[in-house]
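Q: Below is the file model.csv, with CSV, C-alpha atoms and all ligand atoms.
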chain,number,residue,atom,x,y,z
Y,276,MET,CA,13.9,33.0,-6.0
Y,277,ALA,CA,17.0,33.9,-8.0
Y,278,ASP,CA,18.1,30.4,-9.0
Y,279,ALA,CA,19.9,29.9,-12.3
Y,280,GLU,CA,16.7,28.7,-14.1
Y,281,ASN,CA,14.7,31.8,-13.4
Y,282,GLU,CA,17.5,34.4,-13.7
Y,283,THR,CA,16.5,37.0,-16.3
Y,284,LYS,CA,18.7,37.4,-19.3
Y,285,ALA,CA,18.6,39.8,-22.2
Y,286,GLY,CA,20.4,41.1,-25.2
Y,287,PHE,CA,20.3,42.7,-28.6
Y,288,VAL,CA,20.6,40.4,-31.6
Y,289,THR,CA,21.1,42.1,-35.0
Y,290,LEU,CA,19.8,40.4,-38.1
Y,291,ALA,CA,21.9,41.4,-41.0
Y,292,GLY,CA,22.4,40.3,-44.6
Y,293,ALA,CA,22.0,41.0,-48.3
Y,294,PRO,CA,18.7,42.6,-49.5
Y,295,ASN,CA,15.9,40.0,-49.7
Y,296,ALA,CA,17.6,37.3,-47.6
Y,297,GLY,CA,14.5,37.1,-45.4
Y,298,LYS,CA,15.6,39.1,-42.4
Y,299,SER,CA,12.2,40.8,-41.8
Y,300,THR,CA,10.3,37.5,-42.3
Y,301,LEU,CA,12.6,35.8,-39.8
Y,302,MET,CA,12.3,38.6,-37.3
Y,303,ASN,CA,8.5,38.4,-37.4
Y,304,GLN,CA,8.7,34.6,-36.9
Y,305,LEU,CA,11.0,35.0,-33.9
Y,306,VAL,CA,8.8,37.7,-32.4
Y,307,GLY,CA,5.6,35.8,-33.2
Y,308,ALA,CA,4.0,39.0,-34.6
Y,309,LYS,CA,4.4,41.2,-37.6
Y,310,VAL,CA,6.6,44.1,-36.6
Y,311,SER,CA,8.6,44.5,-39.8
Y,312,ILE,CA,7.2,44.8,-43.3
Y,313,VAL,CA,8.0,42.2,-46.0
Y,314,SER,CA,7.8,42.2,-49.8
Y,315,PRO,CA,9.4,40.3,-52.6
Y,316,LYS,CA,11.2,43.5,-53.6
Y,317,VAL,CA,14.7,44.4,-52.4
Y,318,GLN,CA,15.1,47.3,-50.0
Y,319,THR,CA,11.7,47.0,-48.4
Y,320,THR,CA,13.2,47.6,-44.9
Y,321,ARG,CA,14.6,51.2,-44.8
Y,322,ALA,CA,15.6,51.7,-41.1
Y,323,ARG,CA,16.3,49.6,-38.1
Y,324,VAL,CA,13.3,47.9,-36.6
Y,325,ILE,CA,13.3,46.4,-33.1
Y,326,GLY,CA,11.2,43.3,-32.4
Y,327,ILE,CA,11.2,41.8,-29.0
Y,328,ALA,CA,10.9,38.1,-28.2
Y,329,LEU,CA,10.4,36.3,-24.9
Y,330,HIS,CA,11.8,32.9,-24.2
Y,331,GLY,CA,11.2,31.8,-20.6
Y,332,PRO,CA,13.3,34.2,-18.5
Y,333,VAL,CA,15.2,35.5,-21.5
Y,334,GLN,CA,14.2,38.6,-23.5
Y,335,ILE,CA,15.8,39.1,-26.9
Y,336,ALA,CA,15.6,42.4,-28.7
Y,337,PHE,CA,16.0,41.6,-32.4
Y,338,VAL,CA,17.3,44.4,-34.6
Y,339,ASP,CA,16.1,44.0,-38.2
Y,340,THR,CA,18.2,46.0,-40.6
Y,341,PRO,CA,18.1,47.1,-44.2
Y,342,GLY,CA,19.9,44.9,-46.6
Y,343,ILE,CA,23.6,45.5,-47.2
Y,344,PHE,CA,24.8,46.2,-50.7
Y,345,GLN,CA,26.9,48.8,-52.5
Y,346,PRO,CA,24.8,51.9,-52.3
Y,347,LYS,CA,24.7,54.5,-55.0
Y,348,ARG,CA,21.9,56.9,-54.2
Y,349,ARG,CA,21.7,58.9,-50.9
Y,350,LEU,CA,18.7,57.0,-49.5
Y,351,GLU,CA,20.5,53.7,-50.2
Y,352,LYS,CA,23.6,55.0,-48.4
Y,353,ALA,CA,21.6,56.0,-45.4
Y,354,MET,CA,20.0,52.5,-45.3
Y,355,VAL,CA,23.3,50.6,-45.6
Y,356,ASP,CA,24.8,52.9,-42.9
Y,357,ALA,CA,21.8,52.0,-40.6
Y,358,ALA,CA,22.4,48.3,-41.3
Y,359,TRP,CA,26.1,48.6,-40.3
Y,360,GLY,CA,25.1,50.7,-37.3
Y,361,GLY,CA,22.8,47.9,-36.2
Y,362,VAL,CA,25.7,45.4,-36.5
Y,363,ALA,CA,27.9,47.7,-34.4
Y,364,GLU,CA,25.3,48.1,-31.6
Y,365,GLY,CA,24.1,44.5,-31.3
Y,366,ASP,CA,25.5,42.1,-28.7
Y,367,MET,CA,25.4,39.4,-31.4
Y,368,THR,CA,25.2,39.4,-35.2
Y,369,VAL,CA,23.2,36.9,-37.1
Y,370,LEU,CA,24.0,36.9,-40.8
Y,371,LEU,CA,21.2,35.7,-43.0
Y,372,ILE,CA,22.0,34.1,-46.3
Y,373,ASP,CA,19.5,33.2,-48.9
Y,374,ALA,CA,20.4,29.5,-49.4
Y,375,GLN,CA,19.0,29.5,-52.9
Y,376,ARG,CA,21.4,32.3,-54.0
Y,377,GLY,CA,24.3,31.1,-51.9
Y,378,ILE,CA,27.5,33.1,-51.3
Y,379,THR,CA,27.1,35.8,-53.9
Y,380,GLU,CA,29.8,38.4,-54.5
Y,381,ASN,CA,27.8,40.7,-52.2
Y,382,VAL,CA,27.5,38.2,-49.4
Y,383,GLU,CA,31.3,37.5,-49.7
Y,384,ARG,CA,31.9,41.2,-49.3
Y,385,ILE,CA,29.7,41.3,-46.2
Y,386,LEU,CA,31.5,38.3,-44.7
Y,387,THR,CA,34.9,39.9,-45.4
Y,388,ASN,CA,33.7,43.2,-43.8
Y,389,LEU,CA,32.5,41.4,-40.7
Y,390,ALA,CA,35.8,39.6,-40.4
Y,391,ALA,CA,37.7,42.9,-40.7
Y,392,GLN,CA,35.6,44.2,-37.8
Y,393,GLN,CA,36.6,41.2,-35.7
Y,394,LYS,CA,32.9,40.2,-35.5
Y,395,LYS,CA,32.1,36.6,-34.5
Y,396,ILE,CA,28.9,35.8,-36.2
Y,397,TRP,CA,26.2,33.1,-36.4
Y,398,VAL,CA,25.0,32.3,-39.9
Y,399,VAL,CA,21.5,31.4,-40.8
Y,400,LEU,CA,20.9,29.7,-44.1
Y,401,ASN,CA,17.4,30.8,-45.0
Y,402,LYS,CA,14.8,29.6,-47.5
Y,403,ILE,CA,15.7,25.9,-47.1
Y,404,ASP,CA,12.2,25.1,-48.3
Y,405,LEU,CA,13.5,26.1,-51.8
Y,406,VAL,CA,16.9,24.2,-51.7
Y,407,LYS,CA,18.1,20.7,-52.2
Y,408,LYS,CA,19.8,19.2,-49.1
Y,409,ASP,CA,23.1,18.6,-51.0
Y,410,ASN,CA,23.4,22.2,-51.9
Y,411,LEU,CA,22.7,23.2,-48.4
Y,412,LEU,CA,25.4,21.0,-46.9
Y,413,ALA,CA,27.9,22.3,-49.4
Y,414,LEU,CA,27.1,25.8,-48.5
Y,415,ALA,CA,27.3,25.0,-44.8
Y,416,SER,CA,30.7,23.4,-45.2
Y,417,ALA,CA,32.1,26.4,-47.1
Y,418,LEU,CA,30.9,28.7,-44.3
Y,419,GLY,CA,32.2,26.3,-41.6
Y,420,GLU,CA,35.7,27.0,-42.9
Y,421,MET,CA,35.5,30.6,-42.0
Y,422,ASP,CA,37.1,31.5,-38.7
Y,423,HIS,CA,34.6,34.1,-37.7
Y,424,VAL,CA,31.6,31.9,-38.3
Y,425,GLU,CA,30.7,30.3,-34.9
Y,426,GLU,CA,27.5,28.5,-35.7
Y,427,ILE,CA,25.4,27.7,-38.7
Y,428,PHE,CA,21.7,27.2,-38.8
Y,429,MET,CA,19.3,26.2,-41.5
Y,430,VAL,CA,15.8,27.6,-41.4
Y,431,SER,CA,12.8,28.6,-43.5
Y,432,ALA,CA,11.6,31.9,-42.1
Y,433,LEU,CA,8.5,31.5,-44.3
Y,434,THR,CA,7.4,28.1,-42.9
Y,435,GLY,CA,9.0,28.5,-39.5
Y,436,ASP,CA,11.1,25.4,-40.0
Y,437,GLY,CA,14.1,25.5,-37.7
Y,438,VAL,CA,13.2,28.9,-36.2
Y,439,ALA,CA,12.3,27.5,-32.7
Y,440,HIS,CA,15.7,25.8,-32.5
Y,441,LEU,CA,17.5,29.0,-33.5
Y,442,LEU,CA,15.6,30.9,-30.8
Y,443,ASP,CA,16.5,28.3,-28.2
Y,444,ARG,CA,20.2,28.6,-29.0
Y,445,LEU,CA,20.1,32.4,-29.1
Y,446,ALA,CA,18.3,32.5,-25.8
Y,447,ALA,CA,21.0,30.3,-24.3
Y,448,LYS,CA,23.7,32.8,-25.4
Y,449,MET,CA,22.2,35.9,-23.8
Y,450,GLN,CA,23.9,37.3,-20.7
Y,451,PRO,CA,22.3,37.6,-17.3
Y,452,GLY,CA,20.7,41.0,-16.7
Y,453,PRO,CA,17.4,42.8,-16.4
Y,454,TRP,CA,15.0,42.8,-19.3
Y,455,LEU,CA,15.4,45.7,-21.7
Y,456,TYR,CA,11.7,46.4,-22.4
Y,457,PRO,CA,8.4,45.9,-20.5
Y,458,GLU,CA,7.1,42.3,-20.7
Y,459,ASP,CA,4.3,43.0,-23.1
Y,460,GLN,CA,6.2,45.2,-25.6
Y,461,ILE,CA,6.9,43.7,-29.0
Y,462,THR,CA,8.4,46.6,-30.8
Y,463,GLU,CA,10.0,50.0,-30.2
Y,464,MET,CA,8.4,51.6,-33.2
Y,465,PRO,CA,5.9,54.4,-32.4
Y,466,ASN,CA,2.4,53.8,-33.8
Y,467,ARG,CA,2.8,56.7,-36.2
Y,468,ILE,CA,5.7,55.0,-37.9
Y,469,LEU,CA,4.3,51.5,-37.7
Y,470,THR,CA,1.1,52.6,-39.5
Y,471,ALA,CA,3.1,54.4,-42.2
Y,472,GLU,CA,5.1,51.2,-42.7
Y,473,ILE,CA,2.0,49.1,-43.3
Y,474,THR,CA,0.8,51.5,-46.0
Y,475,ARG,CA,4.3,51.5,-47.5
Y,476,GLU,CA,4.2,47.7,-47.6
Y,477,LYS,CA,1.0,47.7,-49.6
Y,478,LEU,CA,2.5,50.2,-52.0
Y,479,PHE,CA,5.6,48.0,-52.4
Y,480,LEU,CA,3.4,45.0,-53.1
Y,481,ARG,CA,1.3,46.8,-55.6
Y,482,LEU,CA,3.6,49.1,-57.5
Y,483,HIS,CA,6.6,48.2,-59.7
Y,484,GLN,CA,9.8,49.4,-61.3
Y,485,GLU,CA,11.4,52.4,-59.7
Y,486,LEU,CA,8.2,53.7,-58.1
Y,487,PRO,CA,8.4,52.0,-54.7
Y,488,TYR,CA,11.9,53.4,-54.2
Y,489,ALA,CA,10.8,56.9,-55.1
Y,490,LEU,CA,8.1,57.1,-52.5
Y,491,THR,CA,7.8,57.5,-48.7
Y,492,VAL,CA,4.9,57.5,-46.3
Y,493,GLU,CA,4.4,59.7,-43.3
Y,494,THR,CA,1.6,59.7,-40.7
Y,495,GLU,CA,0.6,63.4,-40.3
Y,496,ALA,CA,-2.3,63.2,-37.9
Y,497,TRP,CA,-3.6,60.7,-35.4
Y,498,GLU,CA,-7.0,61.3,-33.8
Y,499,GLU,CA,-8.6,59.0,-31.2
Y,500,ARG,CA,-12.3,59.2,-31.5
Y,501,LYS,CA,-14.9,59.0,-28.8
Y,502,ASP,CA,-16.5,55.9,-30.4
Y,503,GLY,CA,-13.2,54.0,-29.9
Y,504,SER,CA,-12.0,54.3,-33.5
Y,505,VAL,CA,-8.9,56.1,-34.7
Y,506,LYS,CA,-8.6,58.5,-37.6
Y,507,ILE,CA,-5.2,58.3,-39.3
Y,508,SER,CA,-4.1,60.7,-42.0
Y,509,GLN,CA,-1.0,59.9,-44.1
Y,510,VAL,CA,0.9,61.5,-46.9
Y,511,ILE,CA,2.6,59.5,-49.6
Y,512,TYR,CA,5.4,61.6,-51.0
Y,513,VAL,CA,6.4,60.9,-54.6
Y,514,THR,CA,8.9,62.7,-56.9
Y,515,ARG,CA,6.9,63.2,-60.1
Y,516,ASP,CA,3.4,63.9,-61.4
Y,517,GLY,CA,3.6,60.7,-63.4
Y,518,HIS,CA,4.2,58.7,-60.2
Y,519,LYS,CA,1.3,60.4,-58.5
Y,520,ALA,CA,-1.0,59.4,-61.3
Y,521,ILE,CA,0.1,55.8,-61.0
Y,522,VAL,CA,-0.3,55.7,-57.3
Y,523,LEU,CA,-3.8,57.2,-57.6
Y,524,GLY,CA,-4.8,54.9,-60.5
Y,525,LYS,CA,-7.8,55.3,-62.8
Y,526,GLY,CA,-10.4,57.3,-61.0
Y,527,GLY,CA,-8.4,56.7,-57.8
Y,528,ALA,CA,-8.8,53.0,-57.9
Y,529,THR,CA,-5.2,52.1,-57.0
Y,530,ILE,CA,-4.9,54.2,-54.0
Y,531,ARG,CA,-8.4,53.1,-52.9
Y,532,GLU,CA,-7.4,49.5,-53.0
Y,533,ILE,CA,-4.0,50.1,-51.2
Y,534,GLY,CA,-5.8,52.1,-48.6
Y,535,ARG,CA,-8.4,49.4,-48.0
Y,536,GLN,CA,-5.6,46.8,-47.5
Y,537,ALA,CA,-3.7,49.0,-45.2
Y,538,ARG,CA,-6.8,49.9,-43.2
Y,539,GLU,CA,-7.8,46.3,-42.7
Y,540,GLU,CA,-4.4,45.3,-41.4
Y,541,LEU,CA,-4.2,48.4,-39.2
Y,542,SER,CA,-7.6,47.6,-37.6
Y,543,GLU,CA,-6.2,44.2,-36.7
Y,544,ILE,CA,-3.0,45.5,-35.3
Y,545,LEU,CA,-4.6,48.3,-33.4
Y,546,GLU,CA,-7.6,46.2,-32.4
Y,547,ARG,CA,-10.1,48.9,-33.2
Y,548,PRO,CA,-11.8,50.4,-36.3
Y,549,VAL,CA,-9.5,52.6,-38.4
Y,550,HIS,CA,-10.4,55.5,-40.7
Y,551,LEU,CA,-7.4,55.9,-43.0
Y,552,PHE,CA,-7.0,59.0,-45.2
Y,553,THR,CA,-4.1,59.0,-47.6
Y,554,PHE,CA,-2.9,62.0,-49.7
Y,555,VAL,CA,-0.4,61.8,-52.5
Y,556,LYS,CA,1.9,64.7,-52.7
Y,557,VAL,CA,4.6,65.5,-55.3
Y,558,ARG,CA,7.8,66.6,-53.7
Y,559,GLU,CA,10.4,66.4,-56.3
Y,560,LYS,CA,13.3,66.6,-53.9
Y,561,TRP,CA,12.2,64.6,-50.9
Y,562,LEU,CA,15.1,62.2,-51.4
Y,563,ASP,CA,17.4,65.1,-50.6
Y,564,ASP,CA,15.4,66.4,-47.7
Y,565,PRO,CA,16.9,65.7,-44.2
Y,566,ALA,CA,13.5,65.9,-42.6
Y,567,ARG,CA,12.2,62.9,-44.6
Y,568,TYR,CA,15.2,60.8,-43.4
Y,569,ARG,CA,14.7,61.8,-39.8
Y,570,GLU,CA,11.1,60.8,-40.0
Y,571,MET,CA,12.2,57.4,-41.3
Y,572,GLY,CA,14.7,57.0,-38.4
Y,573,LEU,CA,17.7,57.4,-40.7
Y,574,ASP,CA,20.7,59.7,-40.5
Y,575,PHE,CA,21.0,62.0,-43.5
Y,576,PRO,CA,24.3,61.2,-45.4
Y,577,LYS,CA,26.0,64.3,-46.6
Y,578,GLY,CA,27.2,64.6,-50.2
Z,1,LIG,P1,14.6,41.1,-46.2
Z,1,LIG,O1,14.8,42.1,-47.3
Z,1,LIG,O2,15.9,40.3,-45.9
Z,1,LIG,O3,14.0,41.7,-45.0
Z,1,LIG,O4,13.6,40.0,-46.8
Z,1,LIG,P2,12.1,39.8,-46.6
Z,1,LIG,O5,11.8,39.3,-45.2
Z,1,LIG,O6,11.4,41.1,-46.9
Z,1,LIG,O7,11.7,38.7,-47.6
Z,1,LIG,C1,12.0,38.8,-49.0
Z,1,LIG,C2,11.2,37.8,-49.8
Z,1,LIG,O8,11.7,36.5,-49.5
Z,1,LIG,C3,9.7,37.9,-49.4
Z,1,LIG,O9,9.0,37.7,-50.6
Z,1,LIG,C4,9.6,36.7,-48.5
Z,1,LIG,O10,8.3,36.1,-48.5
Z,1,LIG,C5,10.6,35.7,-49.0
Z,1,LIG,N1,11.1,34.8,-48.0
Z,1,LIG,C6,11.6,35.1,-46.8
Z,1,LIG,N2,12.0,34.0,-46.1
Z,1,LIG,C7,11.7,32.9,-46.9
Z,1,LIG,C8,11.8,31.5,-46.8
Z,1,LIG,O11,12.2,30.9,-45.8
Z,1,LIG,N3,11.3,30.8,-47.9
Z,1,LIG,C9,10.8,31.3,-49.0
Z,1,LIG,N4,10.4,30.5,-50.0
Z,1,LIG,N5,10.7,32.7,-49.1
Z,1,LIG,C10,11.1,33.4,-48.1
Z,2,MG,MG,13.6,43.6,-44.5
Just dump the structure as structure tokens.
A:
Amino acid sequence: MADAENETKAGFVTLAGAPNAGKSTLMNQLVGAKVSIVSPKVQTTRARVIGIALHGPVQIAFVDTPGIFQPKRRLEKAMVDAAWGGVAEGDMTVLLIDAQRGITENVERILTNLAAQQKKIWVVLNKIDLVKKDNLLALASALGEMDHVEEIFMVSALTGDGVAHLLDRLAAKMQPGPWLYPEDQITEMPNRILTAEITREKLFLRLHQELPYALTVETEAWEERKDGSVKISQVIYVTRDGHKAIVLGKGGATIREIGRQAREELSEILERPVHLFTFVKVREKWLDDPARYREMGLDFPKG
């Protein structure tokens, strides 16, 4: 029966914002599963990640994006381009703002840019678990003054507070139409990339200073075994011998621990035993190699 209540609806909702606003955390909450990696460091998300949520007859494909900032290096430029590409392609844009940090210069620039593109946006003030109510209301009222801000929500992506309400309202905004993905699909990411991302997350959590930004992870081989397990071989590219030494750690202790954490999570996600082999390779110029960008799902910026 095709009555109004059962009519399928669908659409793409892009989650955009400054680095570290909590976009990936929110997407995982909305989808109800971890599809995008999260760390306390900026620039954890490097390319667009699609996470799919069902809400009754409504399917929403969320597009998680890298943080928007003023890029300097080539990889940063590719990431910011991917974020704006996500905004251009979505049916709706949700701008996440870290409520604790408020409207920084960077956020202001993003808001201005969205207005210049004639984008109507919904704003989500995130991290309300960290902020006093008065500050939150002041922030909401400043945003409410802006013509292109249609709705303002307050959530904690970490605790889930306010997320169900946001999902309700987004679902109500979707247009009638067939679903975009099969019912049981939660992401568009191939397993090869998903598994590389999990390892990269562990590296981001464990390593510091410039090192996380100077490495990338690729899955090179994927072997289904007769006993139901899977053997995954990955390469971690770094730019210097010194970085390789840090990733390996004393007697290989660091890479062993990172590999253990990644393997445990992968076994859960893939629901079978995982044998994970990681190799660290020095490739001084990987940040200038178009193939590495392609592998990450990024366009290679010239110049
Ligand atoms: P992204 O760069 O916008 O994708 O941000 P992430 O989702 O990677 O989150 C960045 C950091 O903020 C992580 O350490 C998260 O745990 C943290 N975070 C995200 N949302 C919240 C929240 O609602 N409350 C708090 N306290 N921390 C949050
Ligand atoms: Mg992210």
Q: Enumerate residues in contact with ligand MG 2 (chain Z): an atom-to-atom distance of at most 7 Å, counting all atoms listed in the file. Format the result as JSON, numbers by chain.
A: {"Y": [295, 297, 298, 299, 311, 312, 313, 318, 319, 320, 339, 340, 341, 342]}
Q: Please list, as a ChimeraX atom specification, the residues that have an atom at most 7 Å away from (19.0, 32.0, -42.3) in the coordinates of this file, counting all atoms listed in the file.
A: /Y:371-373,398-401,428-430
Q: Enter the distance from atom C7 of ligand LIG 1 (chain Z) to CA of Leu573 (chain Y), in Å, rounded to one decimal.
A: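 Separation of atom C7 of ligand LIG 1 (chain Z) and CA of Leu573 (chain Y): 26.0 Å.
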Q: Of the candidates Y:Thr379, Y:Thr529, Y:Thr494, Y:Gln393, which shows the shortest atom-to-atom distance to Ile511 (chain Y), using all atoms listed in the file?
A: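 Of Y:Thr379, Y:Thr529, Y:Thr494, Y:Gln393, the one nearest Ile511 (chain Y), counting all atoms listed in the file, is Y:Thr494.
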Q: Closest to ligand LIG 1 (chain Z) among Y:Gly419, Y:Pro315, Y:Gly361, Y:Gly578, using only C-alpha atoms and all ligand atoms?
A: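 Going through Y:Gly419, Y:Pro315, Y:Gly361, Y:Gly578 one by one, the smallest distance to ligand LIG 1 (chain Z) is for Y:Pro315.
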Q: What does the structure give for the distance between CA of Asp564 (chain Y) and CA of Leu350 (chain Y), in Å to one decimal?
A: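 The value is 10.1 Å.
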Q: Rank Y:Gln375, Y:Asp356, Y:Asp502, Y:Lys577 by their smallest atom-to-atom distance to Pro565 (chain Y), using only C-alpha atoms, and report the top residue only.
A: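 So, comparing all the options, the nearest one is Y:Lys577.
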Q: Of the residues Y:Thr368, Y:Ser431, Y:Thr387, Y:Leu301, which is the one nearest to ligand LIG 1 (chain Z), using all atoms listed in the file?
A: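 Smallest separation from ligand LIG 1 (chain Z) among the options: Y:Ser431.
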Q: Which residues are near Ala417 (chain Y)? Cut-off 12 Å, all atoms listed in the file, ignore same chain within fewer than 3 positions. Put them as a list in words.
A: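 In the requested format, the answer is Gly377, Ile378, Glu383, Val398, Asn410, Leu411, Leu412, Ala413, Leu414, Glu420, Met421, Asp422, Val424 and Ile427 of chain Y.
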Q: What is the CA of Ala520 (chain Y) to CA of Ala489 (chain Y) distance in Å?
A: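 CA of Ala520 (chain Y) sits 13.6 Å away from CA of Ala489 (chain Y).
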Q: Which residue out of Y:Lys519, Y:Lys560, Y:Lys309, Y:His330 has the minimum interatomic distance to Leu441 (chain Y) when only C-alpha atoms are used?
A: Y:His330
Q: My list of candidates is Y:Val557, Y:Leu290, Y:Ile530, Y:Leu551. Which is closest to Val369 (chain Y) when distances are computed with all atoms listed in the file?
A: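 Ranked by minimum distance to Val369 (chain Y), first place goes to Y:Leu290.
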Q: Hey, what's within 7 Å of Ala390 (chain Y) if we count all atoms listed in the file and toss same-chain stuff fewer than 4 positions away? As a tab-separated table (two decimals) with C-alpha atoms, in the coordinates of the input, please?
A:
chain	number	residue	atom	x	y	z
Y	386	LEU	CA	31.50	38.30	-44.70
Y	394	LYS	CA	32.90	40.20	-35.50
Y	423	HIS	CA	34.60	34.10	-37.70
Q: So which residues fall inside 12 Å of (11.0, 56.3, -62.4) if we count only C-alpha atoms? Mind giving them as a PyMOL selection string?
A: chain Y and resi 482-490+513-519+521+559
Q: Could you give me the centre and size, in Å to one decimal, of an axis-aligned box around all listed atoms of ligand LIG 1 (chain Z) with 5 Å added on every side, as AutoDock Vina command-line options?
A:
--center_x 12.1 --center_y 36.3 --center_z -47.8 --size_x 17.6 --size_y 21.6 --size_z 15.6
Q: Which residues are close to Gln509 (chain Y), i.e. within 6 Å by only C-alpha atoms, leaving aside same-chain residues fewer than 5 positions away? Reply as a PyMOL selection string.
A: chain Y and resi 493-495+553
Q: Can you pull out every residue within 7 Å of Glu425 (chain Y), counting all atoms listed in the file, but drop anything in the same chain fewer than 4 positions away, and send it as a list in words?
A: Lys395, Ile396 and Trp397 of chain Y
Q: Got time to write the residues from that selection, C-alpha atoms, as a short mmCIF file (atom, residue, chain, number, x, y, z; two decimals), in the frame of the given file?
A:
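The resulting file, selection-v9.cif, is shown below:
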data_model
loop_
_atom_site.label_atom_id
_atom_site.label_comp_id
_atom_site.auth_asym_id
_atom_site.auth_seq_id
_atom_site.Cartn_x
_atom_site.Cartn_y
_atom_site.Cartn_z
CA LYS Y 395 32.10 36.60 -34.50
CA ILE Y 396 28.90 35.80 -36.20
CA TRP Y 397 26.20 33.10 -36.40
#
Q: Regenerate region 457-471 of chain Y at the level of N, CA, C and O atoms and dump it as a PDB file, keeping the file's coordinate frame.
A:
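The resulting file, out_16.pdb, is reproduced below:
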ATOM      1  N   PRO Y 457       9.536  46.440 -21.284  1.00  0.00           N
ATOM      2  CA  PRO Y 457       8.400  45.900 -20.500  1.00  0.00           C
ATOM      3  C   PRO Y 457       7.996  44.516 -21.139  1.00  0.00           C
ATOM      4  O   PRO Y 457       8.141  44.310 -22.349  1.00  0.00           O
ATOM      5  N   GLU Y 458       7.460  43.660 -20.294  1.00  0.00           N
ATOM      6  CA  GLU Y 458       7.100  42.300 -20.700  1.00  0.00           C
ATOM      7  C   GLU Y 458       6.221  42.190 -21.906  1.00  0.00           C
ATOM      8  O   GLU Y 458       6.372  41.298 -22.733  1.00  0.00           O
ATOM      9  N   ASP Y 459       5.262  43.118 -22.024  1.00  0.00           N
ATOM     10  CA  ASP Y 459       4.300  43.000 -23.100  1.00  0.00           C
ATOM     11  C   ASP Y 459       4.619  43.752 -24.365  1.00  0.00           C
ATOM     12  O   ASP Y 459       3.850  43.795 -25.309  1.00  0.00           O
ATOM     13  N   GLN Y 460       5.802  44.341 -24.387  1.00  0.00           N
ATOM     14  CA  GLN Y 460       6.200  45.200 -25.600  1.00  0.00           C
ATOM     15  C   GLN Y 460       6.761  44.277 -26.657  1.00  0.00           C
ATOM     16  O   GLN Y 460       7.609  43.435 -26.387  1.00  0.00           O
ATOM     17  N   ILE Y 461       6.326  44.469 -27.915  1.00  0.00           N
ATOM     18  CA  ILE Y 461       6.900  43.700 -29.000  1.00  0.00           C
ATOM     19  C   ILE Y 461       7.715  44.485 -29.990  1.00  0.00           C
ATOM     20  O   ILE Y 461       8.430  43.932 -30.805  1.00  0.00           O
ATOM     21  N   THR Y 462       7.586  45.795 -29.931  1.00  0.00           N
ATOM     22  CA  THR Y 462       8.400  46.600 -30.800  1.00  0.00           C
ATOM     23  C   THR Y 462       8.684  47.966 -30.159  1.00  0.00           C
ATOM     24  O   THR Y 462       8.033  48.341 -29.182  1.00  0.00           O
ATOM     25  N   GLU Y 463       9.667  48.667 -30.729  1.00  0.00           N
ATOM     26  CA  GLU Y 463      10.000  50.000 -30.200  1.00  0.00           C
ATOM     27  C   GLU Y 463       9.425  51.076 -31.089  1.00  0.00           C
ATOM     28  O   GLU Y 463       9.522  52.246 -30.789  1.00  0.00           O
ATOM     29  N   MET Y 464       8.842  50.619 -32.183  1.00  0.00           N
ATOM     30  CA  MET Y 464       8.400  51.600 -33.200  1.00  0.00           C
ATOM     31  C   MET Y 464       7.143  52.333 -32.687  1.00  0.00           C
ATOM     32  O   MET Y 464       6.184  51.715 -32.256  1.00  0.00           O
ATOM     33  N   PRO Y 465       7.148  53.662 -32.774  1.00  0.00           N
ATOM     34  CA  PRO Y 465       5.900  54.400 -32.400  1.00  0.00           C
ATOM     35  C   PRO Y 465       4.816  54.036 -33.419  1.00  0.00           C
ATOM     36  O   PRO Y 465       5.084  53.737 -34.583  1.00  0.00           O
ATOM     37  N   ASN Y 466       3.571  54.081 -32.948  1.00  0.00           N
ATOM     38  CA  ASN Y 466       2.400  53.800 -33.800  1.00  0.00           C
ATOM     39  C   ASN Y 466       2.405  54.540 -35.105  1.00  0.00           C
ATOM     40  O   ASN Y 466       2.012  54.039 -36.147  1.00  0.00           O
ATOM     41  N   ARG Y 467       2.824  55.779 -35.012  1.00  0.00           N
ATOM     42  CA  ARG Y 467       2.800  56.700 -36.200  1.00  0.00           C
ATOM     43  C   ARG Y 467       3.694  56.065 -37.303  1.00  0.00           C
ATOM     44  O   ARG Y 467       3.314  56.066 -38.471  1.00  0.00           O
ATOM     45  N   ILE Y 468       4.845  55.522 -36.929  1.00  0.00           N
ATOM     46  CA  ILE Y 468       5.700  55.000 -37.900  1.00  0.00           C
ATOM     47  C   ILE Y 468       5.254  53.575 -38.365  1.00  0.00           C
ATOM     48  O   ILE Y 468       5.222  53.252 -39.550  1.00  0.00           O
ATOM     49  N   LEU Y 469       4.826  52.789 -37.393  1.00  0.00           N
ATOM     50  CA  LEU Y 469       4.300  51.500 -37.700  1.00  0.00           C
ATOM     51  C   LEU Y 469       3.179  51.540 -38.740  1.00  0.00           C
ATOM     52  O   LEU Y 469       3.146  50.789 -39.713  1.00  0.00           O
ATOM     53  N   THR Y 470       2.287  52.485 -38.566  1.00  0.00           N
ATOM     54  CA  THR Y 470       1.100  52.600 -39.500  1.00  0.00           C
ATOM     55  C   THR Y 470       1.586  53.082 -40.867  1.00  0.00           C
ATOM     56  O   THR Y 470       1.056  52.643 -41.880  1.00  0.00           O
ATOM     57  N   ALA Y 471       2.589  53.954 -40.893  1.00  0.00           N
ATOM     58  CA  ALA Y 471       3.100  54.400 -42.200  1.00  0.00           C
ATOM     59  C   ALA Y 471       3.781  53.232 -42.907  1.00  0.00           C
ATOM     60  O   ALA Y 471       3.681  53.088 -44.134  1.00  0.00           O
TER      61      ALA Y 471
END
